[in-house]
>>> print(open('query.cif').read())   # mmCIF, N, CA and C atoms
data_structure
loop_
_atom_site.label_atom_id
_atom_site.label_comp_id
_atom_site.auth_asym_id
_atom_site.auth_seq_id
_atom_site.Cartn_x
_atom_site.Cartn_y
_atom_site.Cartn_z
N MET A 1 30.75 58.36 64.25
CA MET A 1 31.73 58.89 63.33
C MET A 1 31.48 58.33 61.93
N GLY A 2 31.62 57.07 61.77
CA GLY A 2 31.39 56.45 60.47
C GLY A 2 30.16 55.57 60.53
N ALA A 3 29.82 55.02 59.42
CA ALA A 3 28.68 54.12 59.36
C ALA A 3 29.03 52.80 60.04
N ASP A 4 28.10 52.30 60.78
CA ASP A 4 28.30 51.02 61.46
C ASP A 4 28.37 49.92 60.40
N ILE A 5 29.30 48.99 60.55
CA ILE A 5 29.50 47.93 59.57
C ILE A 5 28.27 47.04 59.43
N GLY A 6 27.52 46.89 60.52
CA GLY A 6 26.29 46.09 60.48
C GLY A 6 25.24 46.70 59.58
N ILE A 7 25.11 48.03 59.65
CA ILE A 7 24.13 48.71 58.79
C ILE A 7 24.54 48.62 57.33
N VAL A 8 25.82 48.79 57.06
CA VAL A 8 26.32 48.68 55.67
C VAL A 8 26.07 47.28 55.14
N LEU A 9 26.35 46.26 55.93
CA LEU A 9 26.12 44.88 55.50
C LEU A 9 24.63 44.60 55.30
N ALA A 10 23.78 45.14 56.15
CA ALA A 10 22.34 44.95 56.01
C ALA A 10 21.83 45.58 54.72
N TYR A 11 22.26 46.81 54.44
CA TYR A 11 21.85 47.46 53.19
C TYR A 11 22.39 46.71 51.97
N SER A 12 23.61 46.23 52.04
CA SER A 12 24.20 45.47 50.93
C SER A 12 23.43 44.18 50.70
N ALA A 13 23.11 43.48 51.77
CA ALA A 13 22.34 42.24 51.64
C ALA A 13 20.95 42.53 51.07
N GLY A 14 20.33 43.62 51.50
CA GLY A 14 19.01 43.99 50.97
C GLY A 14 19.05 44.29 49.50
N ILE A 15 20.07 45.02 49.07
CA ILE A 15 20.20 45.35 47.64
C ILE A 15 20.45 44.09 46.83
N MET A 16 21.30 43.19 47.31
CA MET A 16 21.55 41.93 46.60
C MET A 16 20.29 41.08 46.54
N LEU A 17 19.50 41.08 47.60
CA LEU A 17 18.26 40.32 47.62
C LEU A 17 17.28 40.85 46.57
N VAL A 18 17.18 42.17 46.47
CA VAL A 18 16.29 42.77 45.46
C VAL A 18 16.74 42.37 44.06
N PHE A 19 18.04 42.42 43.78
CA PHE A 19 18.54 42.03 42.46
C PHE A 19 18.30 40.56 42.18
N MET A 20 18.50 39.69 43.16
CA MET A 20 18.30 38.25 42.95
C MET A 20 16.82 37.94 42.70
N VAL A 21 15.93 38.55 43.45
CA VAL A 21 14.50 38.30 43.27
C VAL A 21 14.05 38.82 41.92
N SER A 22 14.50 40.00 41.53
CA SER A 22 14.11 40.53 40.23
C SER A 22 14.66 39.66 39.10
N TRP A 23 15.85 39.12 39.26
CA TRP A 23 16.42 38.25 38.23
C TRP A 23 15.62 36.96 38.12
N ILE A 24 15.16 36.43 39.24
CA ILE A 24 14.37 35.20 39.23
C ILE A 24 13.05 35.40 38.50
N PHE A 25 12.43 36.57 38.66
CA PHE A 25 11.14 36.80 38.02
C PHE A 25 11.25 37.33 36.60
N VAL A 26 12.32 38.01 36.27
CA VAL A 26 12.45 38.60 34.94
C VAL A 26 12.90 37.56 33.91
N LYS A 27 13.74 36.63 34.30
CA LYS A 27 14.27 35.64 33.37
C LYS A 27 13.16 34.83 32.68
N PRO A 28 12.18 34.26 33.42
CA PRO A 28 11.11 33.53 32.75
C PRO A 28 10.23 34.43 31.87
N LEU A 29 10.05 35.68 32.28
CA LEU A 29 9.25 36.59 31.47
C LEU A 29 9.92 36.90 30.15
N LYS A 30 11.25 37.01 30.15
CA LYS A 30 11.96 37.22 28.89
C LYS A 30 11.77 36.02 27.96
N PHE A 31 11.86 34.81 28.52
CA PHE A 31 11.68 33.60 27.73
C PHE A 31 10.26 33.55 27.16
N LEU A 32 9.27 33.86 27.99
CA LEU A 32 7.89 33.85 27.54
C LEU A 32 7.66 34.91 26.47
N GLY A 33 8.24 36.08 26.65
CA GLY A 33 8.12 37.13 25.64
C GLY A 33 8.75 36.74 24.32
N LYS A 34 9.89 36.06 24.39
CA LYS A 34 10.55 35.60 23.17
C LYS A 34 9.69 34.55 22.45
N MET A 35 9.08 33.66 23.23
CA MET A 35 8.22 32.64 22.62
C MET A 35 7.00 33.26 21.94
N VAL A 36 6.40 34.25 22.59
CA VAL A 36 5.24 34.92 22.01
C VAL A 36 5.64 35.65 20.73
N LEU A 37 6.75 36.36 20.77
CA LEU A 37 7.21 37.08 19.59
C LEU A 37 7.53 36.13 18.44
N ASN A 38 8.23 35.04 18.74
CA ASN A 38 8.55 34.06 17.69
C ASN A 38 7.28 33.41 17.14
N SER A 39 6.29 33.16 17.98
CA SER A 39 5.04 32.57 17.50
C SER A 39 4.29 33.54 16.59
N ILE A 40 4.30 34.82 16.93
CA ILE A 40 3.65 35.81 16.08
C ILE A 40 4.37 35.91 14.74
N LEU A 41 5.70 35.92 14.78
CA LEU A 41 6.46 35.95 13.53
C LEU A 41 6.21 34.68 12.71
N GLY A 42 6.08 33.55 13.38
CA GLY A 42 5.77 32.30 12.68
C GLY A 42 4.42 32.36 12.00
N ALA A 43 3.43 32.94 12.67
CA ALA A 43 2.10 33.07 12.07
C ALA A 43 2.14 34.01 10.87
N VAL A 44 2.88 35.11 10.98
CA VAL A 44 3.01 36.03 9.85
C VAL A 44 3.70 35.33 8.68
N PHE A 45 4.75 34.55 8.97
CA PHE A 45 5.44 33.81 7.92
C PHE A 45 4.49 32.82 7.24
N LEU A 46 3.65 32.15 8.02
CA LEU A 46 2.68 31.22 7.44
C LEU A 46 1.68 31.94 6.55
N ILE A 47 1.24 33.11 6.98
CA ILE A 47 0.29 33.87 6.16
C ILE A 47 0.93 34.27 4.83
N ILE A 48 2.18 34.73 4.87
CA ILE A 48 2.89 35.09 3.65
C ILE A 48 3.10 33.86 2.77
N PHE A 49 3.49 32.74 3.39
CA PHE A 49 3.68 31.50 2.62
C PHE A 49 2.37 31.08 1.96
N ASN A 50 1.26 31.15 2.69
CA ASN A 50 -0.02 30.73 2.12
C ASN A 50 -0.45 31.65 0.98
N TYR A 51 -0.09 32.92 1.07
CA TYR A 51 -0.43 33.84 -0.02
C TYR A 51 0.28 33.43 -1.31
N PHE A 52 1.58 33.13 -1.21
CA PHE A 52 2.32 32.74 -2.40
C PHE A 52 2.15 31.26 -2.71
N GLY A 53 1.85 30.45 -1.71
CA GLY A 53 1.68 29.02 -1.92
C GLY A 53 0.41 28.66 -2.65
N GLN A 54 -0.56 29.56 -2.67
CA GLN A 54 -1.81 29.26 -3.36
C GLN A 54 -1.59 29.08 -4.87
N TYR A 55 -0.54 29.67 -5.39
CA TYR A 55 -0.24 29.50 -6.82
C TYR A 55 0.34 28.12 -7.12
N PHE A 56 0.86 27.45 -6.09
CA PHE A 56 1.44 26.12 -6.27
C PHE A 56 0.58 25.03 -5.63
N GLY A 57 -0.57 25.40 -5.11
CA GLY A 57 -1.47 24.44 -4.49
C GLY A 57 -1.03 24.02 -3.09
N LEU A 58 -0.23 24.84 -2.42
CA LEU A 58 0.21 24.54 -1.06
C LEU A 58 -0.47 25.48 -0.07
N HIS A 59 -0.95 24.89 1.01
CA HIS A 59 -1.60 25.68 2.05
C HIS A 59 -1.33 25.01 3.39
N ILE A 60 -0.87 25.79 4.34
CA ILE A 60 -0.66 25.30 5.70
C ILE A 60 -1.55 26.13 6.61
N ALA A 61 -2.34 25.45 7.43
CA ALA A 61 -3.28 26.16 8.30
C ALA A 61 -2.53 27.04 9.29
N VAL A 62 -3.06 28.23 9.51
CA VAL A 62 -2.49 29.14 10.49
C VAL A 62 -3.32 28.97 11.78
N ASN A 63 -2.75 28.29 12.75
CA ASN A 63 -3.40 28.13 14.05
C ASN A 63 -2.35 28.19 15.14
N GLU A 64 -2.77 27.98 16.37
CA GLU A 64 -1.86 28.12 17.50
C GLU A 64 -0.73 27.09 17.45
N ILE A 65 -1.05 25.88 17.02
CA ILE A 65 -0.06 24.80 17.02
C ILE A 65 1.04 25.06 15.98
N THR A 66 0.64 25.40 14.76
CA THR A 66 1.65 25.64 13.73
C THR A 66 2.48 26.88 14.05
N ALA A 67 1.83 27.92 14.59
CA ALA A 67 2.58 29.12 14.96
C ALA A 67 3.55 28.82 16.09
N LEU A 68 3.14 28.00 17.06
CA LEU A 68 4.01 27.64 18.16
C LEU A 68 5.18 26.78 17.69
N ILE A 69 4.92 25.85 16.78
CA ILE A 69 6.01 25.03 16.23
C ILE A 69 7.02 25.91 15.50
N LEU A 70 6.53 26.85 14.72
CA LEU A 70 7.44 27.78 14.04
C LEU A 70 8.15 28.68 15.04
N GLY A 71 7.46 29.06 16.10
CA GLY A 71 8.07 29.91 17.12
C GLY A 71 9.19 29.20 17.86
N ILE A 72 9.02 27.91 18.11
CA ILE A 72 10.04 27.16 18.84
C ILE A 72 11.16 26.70 17.92
N LEU A 73 10.80 26.12 16.79
CA LEU A 73 11.81 25.49 15.92
C LEU A 73 12.31 26.38 14.79
N GLY A 74 11.54 27.40 14.43
CA GLY A 74 11.97 28.29 13.35
C GLY A 74 11.85 27.64 11.98
N ILE A 75 12.85 27.84 11.15
CA ILE A 75 12.83 27.32 9.78
C ILE A 75 12.78 25.78 9.74
N PRO A 76 13.53 25.06 10.58
CA PRO A 76 13.38 23.59 10.57
C PRO A 76 11.96 23.15 10.91
N GLY A 77 11.28 23.89 11.77
CA GLY A 77 9.89 23.58 12.08
C GLY A 77 8.99 23.79 10.87
N PHE A 78 9.26 24.85 10.12
CA PHE A 78 8.48 25.09 8.90
C PHE A 78 8.70 23.98 7.89
N VAL A 79 9.95 23.57 7.73
CA VAL A 79 10.25 22.49 6.78
C VAL A 79 9.56 21.20 7.22
N ALA A 80 9.56 20.93 8.53
CA ALA A 80 8.89 19.72 9.04
C ALA A 80 7.39 19.77 8.77
N ILE A 81 6.77 20.92 9.02
CA ILE A 81 5.34 21.06 8.76
C ILE A 81 5.04 20.91 7.27
N LEU A 82 5.88 21.49 6.43
CA LEU A 82 5.70 21.40 4.99
C LEU A 82 5.84 19.96 4.51
N ILE A 83 6.82 19.23 5.01
CA ILE A 83 7.01 17.83 4.62
C ILE A 83 5.80 16.99 5.06
N ILE A 84 5.33 17.23 6.29
CA ILE A 84 4.17 16.50 6.77
C ILE A 84 2.95 16.82 5.89
N LYS A 85 2.79 18.07 5.52
CA LYS A 85 1.67 18.48 4.69
C LYS A 85 1.73 17.84 3.30
N ILE A 86 2.93 17.77 2.74
CA ILE A 86 3.08 17.21 1.39
C ILE A 86 2.81 15.71 1.40
N PHE A 87 3.31 15.00 2.40
CA PHE A 87 3.18 13.54 2.41
C PHE A 87 1.86 13.06 3.00
N LEU A 88 1.13 13.90 3.70
CA LEU A 88 -0.18 13.49 4.23
C LEU A 88 -1.22 14.15 3.42
#
>>> encode(input="query.cif", output="structure tokens")
Amino acid sequence: MGADIGIVLAYSAGIMLVFMVSWIFVKPLKFLGKMVLNSILGAVFLIIFNYFGQYFGLHIAVNEITALILGILGIPGFVAILIIKIFL
């Protein structure tokens, strides 16, 4: 007559399992994607800064480390790199 409660519970558990597994795998990928995007934006910002900084004698190397620092820390990371560059 109606659906057996065991079958309904099995399908419900299966659907919840699919959602939980997808959430476990998607969450780190979102974080990694955000880090890559921020690092690319950091590198672009460094390139723009170096273009205008050449008139003031300032240059910061564009490499993986500086782009990653800018990607993680943002503007405070840029200020830290700039201060290190000025004093060293």
>>> closest_residue(input="query.cif", among="A:Ile72, A:Met16, A:Tyr11, A:Val21", to="A:Val36", atoms="only C-alpha atoms")
A:Ile72
>>> atom_distance(input="query.cif", atom1="atom CA of A:Pro28", atom2="atom C of A:Phe45")
26.4 Å
>>> atom_distance(input="query.cif", atom1="atom CA of A:Leu68", atom2="atom CA of A:Ser39")
5.1 Å
>>> atom_distance(input="query.cif", atom1="atom CA of A:Ala61", atom2="atom CA of A:Asn38")
17.0 Å
>>> closest_residue(input="query.cif", among="A:Gly42, A:Gly6, A:Leu58, A:Leu88", to="A:Gly74", atoms="only N, CA and C atoms")
A:Gly42
>>> resolve_selection(input="query.cif", expression="the PyMOL selection byres (((chain A and resi 76-78 and name CA) around 12) and name CA)", output="JSON, numbers by chain")
{"A": [38, 39, 41, 42, 43, 45, 46, 49, 60, 61, 62, 65, 66, 67, 68, 69, 70, 71, 72, 73, 74, 75, 79, 80, 81, 82, 83, 84, 85]}
>>> select_by_dssp(input="query.cif", residues="chain A", states="helix (DSSP H, G or I)", output="MDAnalysis selection string")
chainID A and resid 5:53 64:73 75:87
>>> decode(input="query.cif", residues="stretch 55-87 of chain A", atoms="N, CA, C and O atoms", output="PDB file, in the first residue's frame")
ATOM      1  N   TYR A  55      58.898  55.115 -10.554  1.00  0.00           N
ATOM      2  CA  TYR A  55      59.132  56.566 -10.527  1.00  0.00           C
ATOM      3  C   TYR A  55      59.654  57.032  -9.174  1.00  0.00           C
ATOM      4  O   TYR A  55      60.204  58.115  -9.058  1.00  0.00           O
ATOM      5  N   PHE A  56      59.450  56.219  -8.135  1.00  0.00           N
ATOM      6  CA  PHE A  56      59.912  56.563  -6.796  1.00  0.00           C
ATOM      7  C   PHE A  56      61.078  55.692  -6.348  1.00  0.00           C
ATOM      8  O   PHE A  56      61.523  55.777  -5.217  1.00  0.00           O
ATOM      9  N   GLY A  57      61.560  54.834  -7.215  1.00  0.00           N
ATOM     10  CA  GLY A  57      62.678  53.961  -6.892  1.00  0.00           C
ATOM     11  C   GLY A  57      62.280  52.771  -6.029  1.00  0.00           C
ATOM     12  O   GLY A  57      63.128  52.207  -5.348  1.00  0.00           O
ATOM     13  N   LEU A  58      61.013  52.387  -6.048  1.00  0.00           N
ATOM     14  CA  LEU A  58      60.546  51.237  -5.278  1.00  0.00           C
ATOM     15  C   LEU A  58      60.214  50.082  -6.218  1.00  0.00           C
ATOM     16  O   LEU A  58      59.554  50.268  -7.235  1.00  0.00           O
ATOM     17  N   HIS A  59      60.677  48.911  -5.831  1.00  0.00           N
ATOM     18  CA  HIS A  59      60.397  47.714  -6.625  1.00  0.00           C
ATOM     19  C   HIS A  59      60.304  46.524  -5.682  1.00  0.00           C
ATOM     20  O   HIS A  59      61.188  46.320  -4.853  1.00  0.00           O
ATOM     21  N   ILE A  60      59.241  45.768  -5.814  1.00  0.00           N
ATOM     22  CA  ILE A  60      59.064  44.543  -5.035  1.00  0.00           C
ATOM     23  C   ILE A  60      58.971  43.399  -6.039  1.00  0.00           C
ATOM     24  O   ILE A  60      58.184  43.461  -6.985  1.00  0.00           O
ATOM     25  N   ALA A  61      59.782  42.375  -5.830  1.00  0.00           N
ATOM     26  CA  ALA A  61      59.811  41.252  -6.766  1.00  0.00           C
ATOM     27  C   ALA A  61      58.457  40.545  -6.797  1.00  0.00           C
ATOM     28  O   ALA A  61      57.815  40.360  -5.768  1.00  0.00           O
ATOM     29  N   VAL A  62      58.044  40.175  -7.994  1.00  0.00           N
ATOM     30  CA  VAL A  62      56.810  39.416  -8.158  1.00  0.00           C
ATOM     31  C   VAL A  62      57.210  37.939  -8.275  1.00  0.00           C
ATOM     32  O   VAL A  62      57.748  37.517  -9.281  1.00  0.00           O
ATOM     33  N   ASN A  63      56.992  37.192  -7.204  1.00  0.00           N
ATOM     34  CA  ASN A  63      57.252  35.755  -7.220  1.00  0.00           C
ATOM     35  C   ASN A  63      56.177  35.049  -6.409  1.00  0.00           C
ATOM     36  O   ASN A  63      55.228  35.677  -5.932  1.00  0.00           O
ATOM     37  N   GLU A  64      56.321  33.748  -6.262  1.00  0.00           N
ATOM     38  CA  GLU A  64      55.291  32.968  -5.589  1.00  0.00           C
ATOM     39  C   GLU A  64      55.123  33.367  -4.127  1.00  0.00           C
ATOM     40  O   GLU A  64      54.013  33.407  -3.607  1.00  0.00           O
ATOM     41  N   ILE A  65      56.238  33.670  -3.471  1.00  0.00           N
ATOM     42  CA  ILE A  65      56.194  33.987  -2.033  1.00  0.00           C
ATOM     43  C   ILE A  65      55.475  35.316  -1.789  1.00  0.00           C
ATOM     44  O   ILE A  65      54.582  35.400  -0.940  1.00  0.00           O
ATOM     45  N   THR A  66      55.852  36.347  -2.531  1.00  0.00           N
ATOM     46  CA  THR A  66      55.206  37.648  -2.311  1.00  0.00           C
ATOM     47  C   THR A  66      53.731  37.599  -2.711  1.00  0.00           C
ATOM     48  O   THR A  66      52.895  38.196  -2.038  1.00  0.00           O
ATOM     49  N   ALA A  67      53.419  36.887  -3.792  1.00  0.00           N
ATOM     50  CA  ALA A  67      52.014  36.771  -4.201  1.00  0.00           C
ATOM     51  C   ALA A  67      51.216  35.998  -3.157  1.00  0.00           C
ATOM     52  O   ALA A  67      50.073  36.343  -2.854  1.00  0.00           O
ATOM     53  N   LEU A  68      51.812  34.955  -2.574  1.00  0.00           N
ATOM     54  CA  LEU A  68      51.126  34.177  -1.548  1.00  0.00           C
ATOM     55  C   LEU A  68      50.927  34.996  -0.275  1.00  0.00           C
ATOM     56  O   LEU A  68      49.863  34.944   0.340  1.00  0.00           O
ATOM     57  N   ILE A  69      51.930  35.778   0.106  1.00  0.00           N
ATOM     58  CA  ILE A  69      51.786  36.645   1.288  1.00  0.00           C
ATOM     59  C   ILE A  69      50.664  37.645   1.063  1.00  0.00           C
ATOM     60  O   ILE A  69      49.833  37.870   1.942  1.00  0.00           O
ATOM     61  N   LEU A  70      50.616  38.238  -0.114  1.00  0.00           N
ATOM     62  CA  LEU A  70      49.523  39.167  -0.419  1.00  0.00           C
ATOM     63  C   LEU A  70      48.192  38.442  -0.487  1.00  0.00           C
ATOM     64  O   LEU A  70      47.165  38.984  -0.083  1.00  0.00           O
ATOM     65  N   GLY A  71      48.194  37.217  -0.979  1.00  0.00           N
ATOM     66  CA  GLY A  71      46.964  36.445  -1.065  1.00  0.00           C
ATOM     67  C   GLY A  71      46.408  36.094   0.301  1.00  0.00           C
ATOM     68  O   GLY A  71      45.211  36.091   0.521  1.00  0.00           O
ATOM     69  N   ILE A  72      47.296  35.801   1.247  1.00  0.00           N
ATOM     70  CA  ILE A  72      46.843  35.424   2.583  1.00  0.00           C
ATOM     71  C   ILE A  72      46.540  36.656   3.429  1.00  0.00           C
ATOM     72  O   ILE A  72      45.499  36.738   4.073  1.00  0.00           O
ATOM     73  N   LEU A  73      47.444  37.616   3.443  1.00  0.00           N
ATOM     74  CA  LEU A  73      47.313  38.754   4.359  1.00  0.00           C
ATOM     75  C   LEU A  73      46.655  39.983   3.749  1.00  0.00           C
ATOM     76  O   LEU A  73      46.210  40.864   4.479  1.00  0.00           O
ATOM     77  N   GLY A  74      46.668  40.085   2.428  1.00  0.00           N
ATOM     78  CA  GLY A  74      46.041  41.245   1.786  1.00  0.00           C
ATOM     79  C   GLY A  74      46.878  42.508   1.942  1.00  0.00           C
ATOM     80  O   GLY A  74      48.100  42.479   1.843  1.00  0.00           O
ATOM     81  N   ILE A  75      46.218  43.607   2.223  1.00  0.00           N
ATOM     82  CA  ILE A  75      46.896  44.906   2.343  1.00  0.00           C
ATOM     83  C   ILE A  75      47.918  44.923   3.492  1.00  0.00           C
ATOM     84  O   ILE A  75      49.022  45.451   3.304  1.00  0.00           O
ATOM     85  N   PRO A  76      47.619  44.365   4.672  1.00  0.00           N
ATOM     86  CA  PRO A  76      48.667  44.330   5.711  1.00  0.00           C
ATOM     87  C   PRO A  76      49.909  43.562   5.265  1.00  0.00           C
ATOM     88  O   PRO A  76      51.030  43.927   5.622  1.00  0.00           O
ATOM     89  N   GLY A  77      49.728  42.525   4.455  1.00  0.00           N
ATOM     90  CA  GLY A  77      50.871  41.798   3.913  1.00  0.00           C
ATOM     91  C   GLY A  77      51.689  42.663   2.975  1.00  0.00           C
ATOM     92  O   GLY A  77      52.916  42.624   2.981  1.00  0.00           O
ATOM     93  N   PHE A  78      50.998  43.462   2.163  1.00  0.00           N
ATOM     94  CA  PHE A  78      51.711  44.372   1.266  1.00  0.00           C
ATOM     95  C   PHE A  78      52.507  45.402   2.053  1.00  0.00           C
ATOM     96  O   PHE A  78      53.659  45.686   1.731  1.00  0.00           O
ATOM     97  N   VAL A  79      51.886  45.946   3.091  1.00  0.00           N
ATOM     98  CA  VAL A  79      52.579  46.943   3.923  1.00  0.00           C
ATOM     99  C   VAL A  79      53.800  46.305   4.592  1.00  0.00           C
ATOM    100  O   VAL A  79      54.873  46.911   4.648  1.00  0.00           O
ATOM    101  N   ALA A  80      53.656  45.063   5.056  1.00  0.00           N
ATOM    102  CA  ALA A  80      54.784  44.371   5.690  1.00  0.00           C
ATOM    103  C   ALA A  80      55.923  44.152   4.690  1.00  0.00           C
ATOM    104  O   ALA A  80      57.088  44.385   5.010  1.00  0.00           O
ATOM    105  N   ILE A  81      55.590  43.722   3.480  1.00  0.00           N
ATOM    106  CA  ILE A  81      56.612  43.516   2.457  1.00  0.00           C
ATOM    107  C   ILE A  81      57.287  44.842   2.103  1.00  0.00           C
ATOM    108  O   ILE A  81      58.506  44.903   1.950  1.00  0.00           O
ATOM    109  N   LEU A  82      56.507  45.900   1.990  1.00  0.00           N
ATOM    110  CA  LEU A  82      57.045  47.214   1.665  1.00  0.00           C
ATOM    111  C   LEU A  82      57.979  47.714   2.765  1.00  0.00           C
ATOM    112  O   LEU A  82      59.068  48.239   2.478  1.00  0.00           O
ATOM    113  N   ILE A  83      57.594  47.547   4.023  1.00  0.00           N
ATOM    114  CA  ILE A  83      58.445  47.977   5.140  1.00  0.00           C
ATOM    115  C   ILE A  83      59.754  47.178   5.148  1.00  0.00           C
ATOM    116  O   ILE A  83      60.833  47.741   5.343  1.00  0.00           O
ATOM    117  N   ILE A  84      59.649  45.868   4.926  1.00  0.00           N
ATOM    118  CA  ILE A  84      60.852  45.046   4.881  1.00  0.00           C
ATOM    119  C   ILE A  84      61.752  45.498   3.731  1.00  0.00           C
ATOM    120  O   ILE A  84      62.971  45.595   3.887  1.00  0.00           O
ATOM    121  N   LYS A  85      61.167  45.794   2.589  1.00  0.00           N
ATOM    122  CA  LYS A  85      61.929  46.229   1.426  1.00  0.00           C
ATOM    123  C   LYS A  85      62.626  47.571   1.689  1.00  0.00           C
ATOM    124  O   LYS A  85      63.774  47.756   1.322  1.00  0.00           O
ATOM    125  N   ILE A  86      61.928  48.476   2.346  1.00  0.00           N
ATOM    126  CA  ILE A  86      62.506  49.803   2.607  1.00  0.00           C
ATOM    127  C   ILE A  86      63.651  49.714   3.601  1.00  0.00           C
ATOM    128  O   ILE A  86      64.708  50.344   3.418  1.00  0.00           O
ATOM    129  N   PHE A  87      63.491  48.918   4.658  1.00  0.00           N
ATOM    130  CA  PHE A  87      64.512  48.868   5.702  1.00  0.00           C
ATOM    131  C   PHE A  87      65.639  47.898   5.395  1.00  0.00           C
ATOM    132  O   PHE A  87      66.669  47.942   6.051  1.00  0.00           O
TER     133      PHE A  87
END
